[in-house]
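Asks: First, the structure itself, so that you have it in front of you.
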There are 2 protein chains.
Amino acid sequence: MSSRLKDVAARAGVSVRTVSNVVSGTASVAAGTRRRVEEAIEELGYRPNLAARSLRAGRTGIIGLAIPELHSPYFAELAGRLVREAQRRSWTVIIDQTGGEAEAERRLLAQGGERAMDGLIISPWALDSAELAAAAPGTPLVLLGERSPHGVADRVAVDNVMAAREATEFLLAQGRRRIAAIGLQPHLRNGTAVLRAEGYRGALRQAGLEPVVEAERAVEALHRADGARAMAELLDSGSVPDAVFAFSDELALGALHTAHTRGLRVPDDMAVVGFDDIEDGHYSNPALTTVSPDKQQIAERSLQCLADRIYSPGTAVPPQDLVVPHRLVRRASA
Amino acid sequence: MSSRLKDVAARAGVSVRTVSNVVSGTASVAAGTRRRVEEAIEELGYRPNLAARSLRAGRTGIIGLAIPELHSPYFAELAGRLVREAQRRSWTVIIDQTGGEAEAERRLLAQGGERAMDGLIISPWALDSAELAAAAPGTPLVLLGERSPHGVADRVAVDNVMAAREATEFLLAQGRRRIAAIGLQPHLRNGTAVLRAEGYRGALRQAGLEPVVEAERAVEALHRADGARAMAELLDSGSVPDAVFAFSDELALGALHTAHTRGLRVPDDMAVVGFDDIEDGHYSNPALTTVSPDKQQIAERSLQCLADRIYSPGTAVPPQDLVVPHRLVRRASA
DNA sequence: CTGAAAGCGCTAACAC
DNA sequence: GTGTTAGCGCTTTCAG
């Protein structure tokens with residue numbers, strides 16, 4: 001069997017208290033004692049038992065992150081930043097890919113309820129707010145990008161309506177008039193697409209243009225293939241737009257591909273604006289103009305929300321609705 | 001604060017023992033008592049504390065799975081099966097994407113050492129066997145696909161030499177004589193590519209052909225793009241092969257793409273065989289002939305190895321080297 | 001600076 | 001079929 005604190009103490013000829021101090025570095029220990037303890041730890045190959053520590057502390061030091069898919073560049077980049085920030089706070093992150101499925105989202109919440117995790121960050125696609133809130137009472141929860149009613153959980157997101165409006169206004173300012181939108185997702189609970197469509201339409205109306213249904217293309221998922229398909233539909237529809245606002249960079253890159261294949265010149269014949277500012281967009285041909293959410297702030301503030309609730313469970317702060325900044329990054333595609 | 005077993009017991013007017021029995025279903029409980037307890041659980045919103053249960057049981061019920069990348073179809077399919085099999089055994093799986101990096105592989109092993117996980121399944125790309133064995137003594141470890149010296153850990157893999165030999169022999173039997181290989185990875189510790197190259201060369205020699213260096217293409221990673229690039233190099237090299245054995249299906253699909261683009265007809269001008277039998281290969285154009293490792297068996301036997309060591313830690317069975325079956329799936333590409 | 005001991009929430013051996 | 005209780009390995013309060 002493996003060695004415990006008590007074994008190390010016996011070997012070093014000190015009490016468990018002292019060994020614990022050496023391991024955790026909490027209190028100060030005399031140099032000689034410390035050395036003896038460290039030797040004993042080395043010789044016995046002692047490793048602290050995390051389960052015991054969790055039980056004692058009432059915390060596991062683990063937080064759960066539920067995102068639809070890790071292979072999507074936006075979520076991969078965001079997850080990367082969240083993991084790095086979590087490490088700074090000495091938290092371990094368990095990443096759960098939900099595939100946008102309700103069952104997977106529920107599973108993570110259930111584990112949260114069993115205190116397997118100190119907090120959850122979830123990008124909900126399938127579950128509605130009511131179910132989210134009911135599933136893990138007592139476990140700090142941060143929602144990413146979902147339009148949730150107040151009172152459910154902390155929420156961190158950009159102002160999707162405003163961001164979409166700015167992207168569309170940018171295209172209008174360049175004299176574009178037939179601006180299509182790619183990325184509606186009527187089949188999902190996720191309200192992000194709804195908000196971006198709202199901003200897009202608002203900008204058009206303000207410019208005296210009436211949104212037309214044919215210019216708004218729904219997609220199954222937010223991948224390149226969906227964007228490529230949507231663009232093909234637009235081009236085949238007869239009324240070719242002079243600009244496209246895609247609700248994600250992946251969609252935009254797919255659309256760019258189709259435009260290129262069909263012989264359209266971007267941005268001369270058609271301008272393209274995306275959303276997310278993923279790494280690929282820097283290197284695409286042409287480089288992609290896009291709405292850039294401040295991912296670092298999303299990561300930092302999400303963890304700050306969790307930390308506030310984990311370390312001060314008594315303080316009943318009402319759920320916050322944090323809006324992180326975004327900016328329009330102008331590159332060659334528009 | 002949340003409720004404990006004791007609170008439920010007080011509310012239902014029974015002892016903690018009885019509540020524990022109801023929750024775990026271990027012993028039989030009188031119907032009336034059970035109902036009262038269940039009501040109390042419901043009213044108090046009781047959820048068992050996993051940390052306490054783990055401490056008591058000496059197990060966490062969590063196993064770690066470290067794979068290089070989840071977005072690679074082969075690993076995604078394998079991970080899917082492993083997760084499903086683990087669920088059947090009431091284990092939770094923590095998936096760690098290592099990106100093939102040593103640091104990430106070490107991190108998971110360290111957590112294993114702290115008993116955060118009952119066992120580890122790792123597909124090692126960066127760490128060598130010595131480091132793997134030293135990092136988490138006492139934690140059951142299963143290695144996937146690595147050529148490890150005996151005595152280190154259980155290993156589960158197909159017979160890579162034999163499988164590669166059969167694939168090459170299949171091409172030879174069709175009269176192909178200029179057979180190229182795509183997928184050498186001299187920069188990685190991972191020995192899989194070495195073994196497949198060995199089988200490939202063995203088959204050639206047995207047919208009286210001497211392997212030529214120019215026909216063996218090294219790749220950075222095992223993705224479609226690498227396969228496409230390698231095929232382009234082959235075609236540009238002057239000596240165009242009449243068959244290609246790719247060490248992964250993704251490489252093969254990339255190669256297929258390049259061949260198609262360059263106007264070569266597959267399988268008429270060139271036959272292509274892959275390795276892995278991923279879903280995409282069923283639907284590629286032409287459908288891909290490939291070596292199909294029995295993924296279900298890899299999953300089942302890996303977990304069986306873990307189970308044996310987790311539930312019978314006393315029995316010091318020497319590390320096993322399990323060879324799972326494979327078969328050549330003949331489709332249109334060869 | 002160090003020792004003794006309580007207790008985190010749960011399970012199961014030992015009573016009855 | 002149910003109650004009582006020791007103890008999993010750790011941290012930390014209380015003494016010294």
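Note on naming: chains are A, B, ... as they come in the structure tokens, residues start from 1 per chain, ligands start from 1 in the order shown.
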Given a cut-off of 10 Å, which residues of chain A touch chain D, counting only C-alpha atoms (C1' of nucleotides), written out as a list in words?
Replies: Arg4, Leu5, Lys6, Val16, Arg17, Ser20, Asn21, Ser24, Pro48, Asn49, Leu50, Ala51, Ala52, Arg53, Ser54, Leu55, Arg56 and Ala57 of chain A
Asks: Name all residues at most 9 Å from B:Gly61 (count only C-alpha atoms (C1' of nucleotides); drop same-chain ones fewer than 3 positions away) and give them as a PyMOL selection string.
Replies: chain B and resi 54+90-93+117-118
Asks: Take the selection from the previous step and output its residues with C-alpha atoms, as a short mmCIF file (atom, residue, chain, number, x, y, z; two decimals), in the first residue's frame.
Replies:
```cif
data_model
loop_
_atom_site.label_atom_id
_atom_site.label_comp_id
_atom_site.auth_asym_id
_atom_site.auth_seq_id
_atom_site.Cartn_x
_atom_site.Cartn_y
_atom_site.Cartn_z
CA SER B 54 -13.72 8.24 -2.53
CA SER B 90 -19.58 2.84 -13.59
CA TRP B 91 -16.39 4.74 -14.21
CA THR B 92 -16.11 8.37 -15.19
CA VAL B 93 -13.51 9.20 -17.80
CA MET B 117 -7.70 8.65 -10.73
CA ASP B 118 -7.95 4.92 -10.26
#
```
Asks: DSSP says helix (DSSP H, G or I) for which residues of stretch 138-242 of chain B? Put them as a ChimeraX atom specification?
Replies: /B:160-173,192-206,213-215,224-236
Asks: Atoms to include: C-alpha atoms. Write the selected residues as a tab-separated table (two decimals), in the first residue's frame.
Replies:
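Contents of the output file result-v6.tsv:
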```
chain	number	residue	atom	x	y	z
B	160	ASN	CA	1.47	-3.37	-36.45
B	161	VAL	CA	4.22	-5.22	-38.29
B	162	MET	CA	1.90	-7.98	-39.41
B	163	ALA	CA	-0.91	-5.61	-40.35
B	164	ALA	CA	1.37	-3.45	-42.47
B	165	ARG	CA	2.83	-6.53	-44.09
B	166	GLU	CA	-0.63	-7.80	-45.02
B	167	ALA	CA	-1.64	-4.46	-46.48
B	168	THR	CA	1.50	-4.36	-48.60
B	169	GLU	CA	1.10	-8.01	-49.65
B	170	PHE	CA	-2.42	-7.25	-50.74
B	171	LEU	CA	-1.11	-4.55	-53.07
B	172	LEU	CA	1.64	-6.85	-54.35
B	173	ALA	CA	-0.91	-9.58	-55.07
B	192	THR	CA	4.02	2.75	-34.31
B	193	ALA	CA	5.27	4.23	-37.56
B	194	VAL	CA	8.55	2.33	-37.20
B	195	LEU	CA	6.65	-0.95	-36.90
B	196	ARG	CA	4.42	-0.26	-39.87
B	197	ALA	CA	7.45	0.67	-41.97
B	198	GLU	CA	9.07	-2.59	-40.90
B	199	GLY	CA	6.07	-4.62	-42.07
B	200	TYR	CA	5.93	-2.70	-45.32
B	201	ARG	CA	9.61	-3.31	-46.08
B	202	GLY	CA	9.37	-6.95	-45.07
B	203	ALA	CA	6.59	-7.60	-47.55
B	204	LEU	CA	8.53	-5.89	-50.33
B	205	ARG	CA	11.67	-7.91	-49.65
B	206	GLN	CA	9.75	-11.15	-49.55
B	213	VAL	CA	14.13	5.58	-49.57
B	214	GLU	CA	12.45	7.93	-52.04
B	215	ALA	CA	9.24	5.89	-51.81
B	224	ARG	CA	-5.17	14.92	-44.26
B	225	ALA	CA	-2.99	17.91	-45.12
B	226	ASP	CA	0.16	15.89	-44.44
B	227	GLY	CA	-1.08	13.09	-46.65
B	228	ALA	CA	-1.96	15.50	-49.43
B	229	ARG	CA	1.48	17.08	-49.23
B	230	ALA	CA	3.29	13.75	-49.19
B	231	MET	CA	1.37	12.58	-52.23
B	232	ALA	CA	2.20	15.79	-54.07
B	233	GLU	CA	5.88	15.23	-53.29
B	234	LEU	CA	5.66	11.70	-54.64
B	235	LEU	CA	4.02	12.84	-57.84
B	236	ASP	CA	6.52	15.64	-58.29
```
Asks: Considering only C-alpha atoms (C1' of nucleotides), tabulate each residue of chain C that lies at most 9 Å from chain A along with its nearest interatomic pair and the corresponding distance in Å to one decimal; arrange the rows by chain and ascending residue number and present them as a tab-separated table.
Replies:
```
residue	atom	partner	partner_atom	distance
C:DC1	C1'	A:Val29	CA	6.7
C:DT2	C1'	A:Thr18	CA	6.8
C:DG3	C1'	A:Ser15	CA	6.3
C:DG7	C1'	A:Arg56	CA	8.5
C:DC8	C1'	A:Arg56	CA	4.5
C:DG9	C1'	A:Leu55	CA	7.5
```
Asks: May I have the residues from that selection written out with N, CA and C atoms (P, O5', C5', C4', C3', O3' and C1' of nucleotides), as a PDB file, in the first residue's frame?
Replies:
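In the end it all went to part_14.pdb:
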```
ATOM      1  P    DC C   1      10.132  29.207  12.991  1.00  0.00           P
ATOM      2  O5'  DC C   1       9.897  28.115  14.097  1.00  0.00           O
ATOM      3  C5'  DC C   1      10.784  27.044  14.281  1.00  0.00           C
ATOM      4  C4'  DC C   1      10.102  26.056  15.156  1.00  0.00           C
ATOM      5  C3'  DC C   1       9.397  24.917  14.402  1.00  0.00           C
ATOM      6  O3'  DC C   1      10.115  23.726  14.696  1.00  0.00           O
ATOM      7  C1'  DC C   1       8.116  25.686  16.251  1.00  0.00           C
ATOM      8  P    DT C   2       9.845  22.394  13.995  1.00  0.00           P
ATOM      9  O5'  DT C   2       8.797  21.671  14.924  1.00  0.00           O
ATOM     10  C5'  DT C   2       9.234  21.125  16.160  1.00  0.00           C
ATOM     11  C4'  DT C   2       8.056  20.642  16.948  1.00  0.00           C
ATOM     12  C3'  DT C   2       7.263  19.505  16.281  1.00  0.00           C
ATOM     13  O3'  DT C   2       7.406  18.364  17.116  1.00  0.00           O
ATOM     14  C1'  DT C   2       5.837  21.120  17.281  1.00  0.00           C
ATOM     15  P    DG C   3       6.794  16.954  16.648  1.00  0.00           P
ATOM     16  O5'  DG C   3       5.567  16.807  17.651  1.00  0.00           O
ATOM     17  C5'  DG C   3       5.809  16.912  19.039  1.00  0.00           C
ATOM     18  C4'  DG C   3       4.516  16.725  19.813  1.00  0.00           C
ATOM     19  C3'  DG C   3       3.642  15.583  19.328  1.00  0.00           C
ATOM     20  O3'  DG C   3       3.165  14.871  20.461  1.00  0.00           O
ATOM     21  C1'  DG C   3       2.396  17.603  19.295  1.00  0.00           C
ATOM     22  P    DG C   7     -15.260  17.088  17.273  1.00  0.00           P
ATOM     23  O5'  DG C   7     -15.246  17.064  15.689  1.00  0.00           O
ATOM     24  C5'  DG C   7     -14.784  18.197  14.969  1.00  0.00           C
ATOM     25  C4'  DG C   7     -14.671  17.834  13.511  1.00  0.00           C
ATOM     26  C3'  DG C   7     -15.787  16.904  13.005  1.00  0.00           C
ATOM     27  O3'  DG C   7     -16.179  17.354  11.730  1.00  0.00           O
ATOM     28  C1'  DG C   7     -13.725  16.000  12.478  1.00  0.00           C
ATOM     29  P    DC C   8     -17.677  17.257  11.301  1.00  0.00           P
ATOM     30  O5'  DC C   8     -17.582  17.460   9.733  1.00  0.00           O
ATOM     31  C5'  DC C   8     -16.948  18.577   9.138  1.00  0.00           C
ATOM     32  C4'  DC C   8     -16.330  18.148   7.829  1.00  0.00           C
ATOM     33  C3'  DC C   8     -17.160  17.106   7.083  1.00  0.00           C
ATOM     34  O3'  DC C   8     -18.005  17.771   6.145  1.00  0.00           O
ATOM     35  C1'  DC C   8     -14.794  16.537   7.122  1.00  0.00           C
ATOM     36  P    DG C   9     -19.606  17.600   6.264  1.00  0.00           P
ATOM     37  O5'  DG C   9     -19.851  16.201   5.573  1.00  0.00           O
ATOM     38  C5'  DG C   9     -19.581  16.052   4.188  1.00  0.00           C
ATOM     39  C4'  DG C   9     -19.617  14.585   3.831  1.00  0.00           C
ATOM     40  C3'  DG C   9     -20.944  13.883   4.137  1.00  0.00           C
ATOM     41  O3'  DG C   9     -21.359  13.243   2.945  1.00  0.00           O
ATOM     42  C1'  DG C   9     -19.123  12.651   5.019  1.00  0.00           C
TER      43       DG C   9
END
```
Asks: Compute the chain B side of the contact with chain A at 12 Å, counting only C-alpha atoms, and hand it back as JSON, numbers by chain.
Replies: {"B": [1, 2, 3, 4, 44, 45, 46, 47, 48, 49, 50, 51, 52, 53, 54, 55, 56, 57, 58, 59, 60, 61, 62, 64, 65, 69, 70, 71, 72, 73, 76, 79, 80, 83, 92, 93, 94, 95, 96, 97, 107, 108, 110, 111, 112, 113, 114, 115, 116, 117, 118, 134, 135, 136, 137, 138, 139, 313, 314]}
Asks: According to DSSP computed on the backbone, where in stretch 31-134 of chain B is there strand (DSSP E)? Give the residues as a count of residues only.
Replies: 16
Asks: Just want the 7 Å neighbourhood of stretch 246-248 of chain B, counted on only C-alpha atoms (C1' of nucleotides), with same-chain residues fewer than 3 positions away dropped. Output as a list in words.
Replies: Ala181, Ile182, Gly183, Leu222, Leu251, Ala252, Val273, Gly274, Phe275 and Asp276 of chain B
Asks: Only C-alpha atoms, please: the residues just picked out, written as a PDB file, in the first residue's frame.
Replies:
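The file below, part-v7.pdb, is the result:
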```
ATOM      1  CA  ALA B 181       4.630   4.402 -48.052  1.00  0.00           C
ATOM      2  CA  ILE B 182       3.367   7.597 -46.420  1.00  0.00           C
ATOM      3  CA  GLY B 183       3.566   8.200 -42.686  1.00  0.00           C
ATOM      4  CA  LEU B 222      -1.041  12.272 -39.421  1.00  0.00           C
ATOM      5  CA  LEU B 251      -3.129  10.482 -44.580  1.00  0.00           C
ATOM      6  CA  ALA B 252      -4.741   8.214 -47.163  1.00  0.00           C
ATOM      7  CA  VAL B 273      -4.603   1.527 -48.722  1.00  0.00           C
ATOM      8  CA  GLY B 274      -5.019   3.224 -45.355  1.00  0.00           C
ATOM      9  CA  PHE B 275      -4.879   2.229 -41.715  1.00  0.00           C
ATOM     10  CA  ASP B 276      -7.456   2.791 -38.908  1.00  0.00           C
TER      11      ASP B 276
END
```
Asks: What is the distance between atom CA of B:Gln296 and atom CA of B:Val324, in Å to one decimal?
Replies: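 Atom-to-atom, atom CA of B:Gln296 and atom CA of B:Val324 are spaced 9.6 Å apart.
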Asks: Rounded to one decimal in Å, what is the spacing between atom CA of B:Thr258 and atom CA of B:Gly175?
Replies: 23.0 Å
Asks: Measure the distance from atom CA of B:Arg178 to atom CA of B:Asp159 in Å and round it to one decimal.
Replies: 24.5 Å
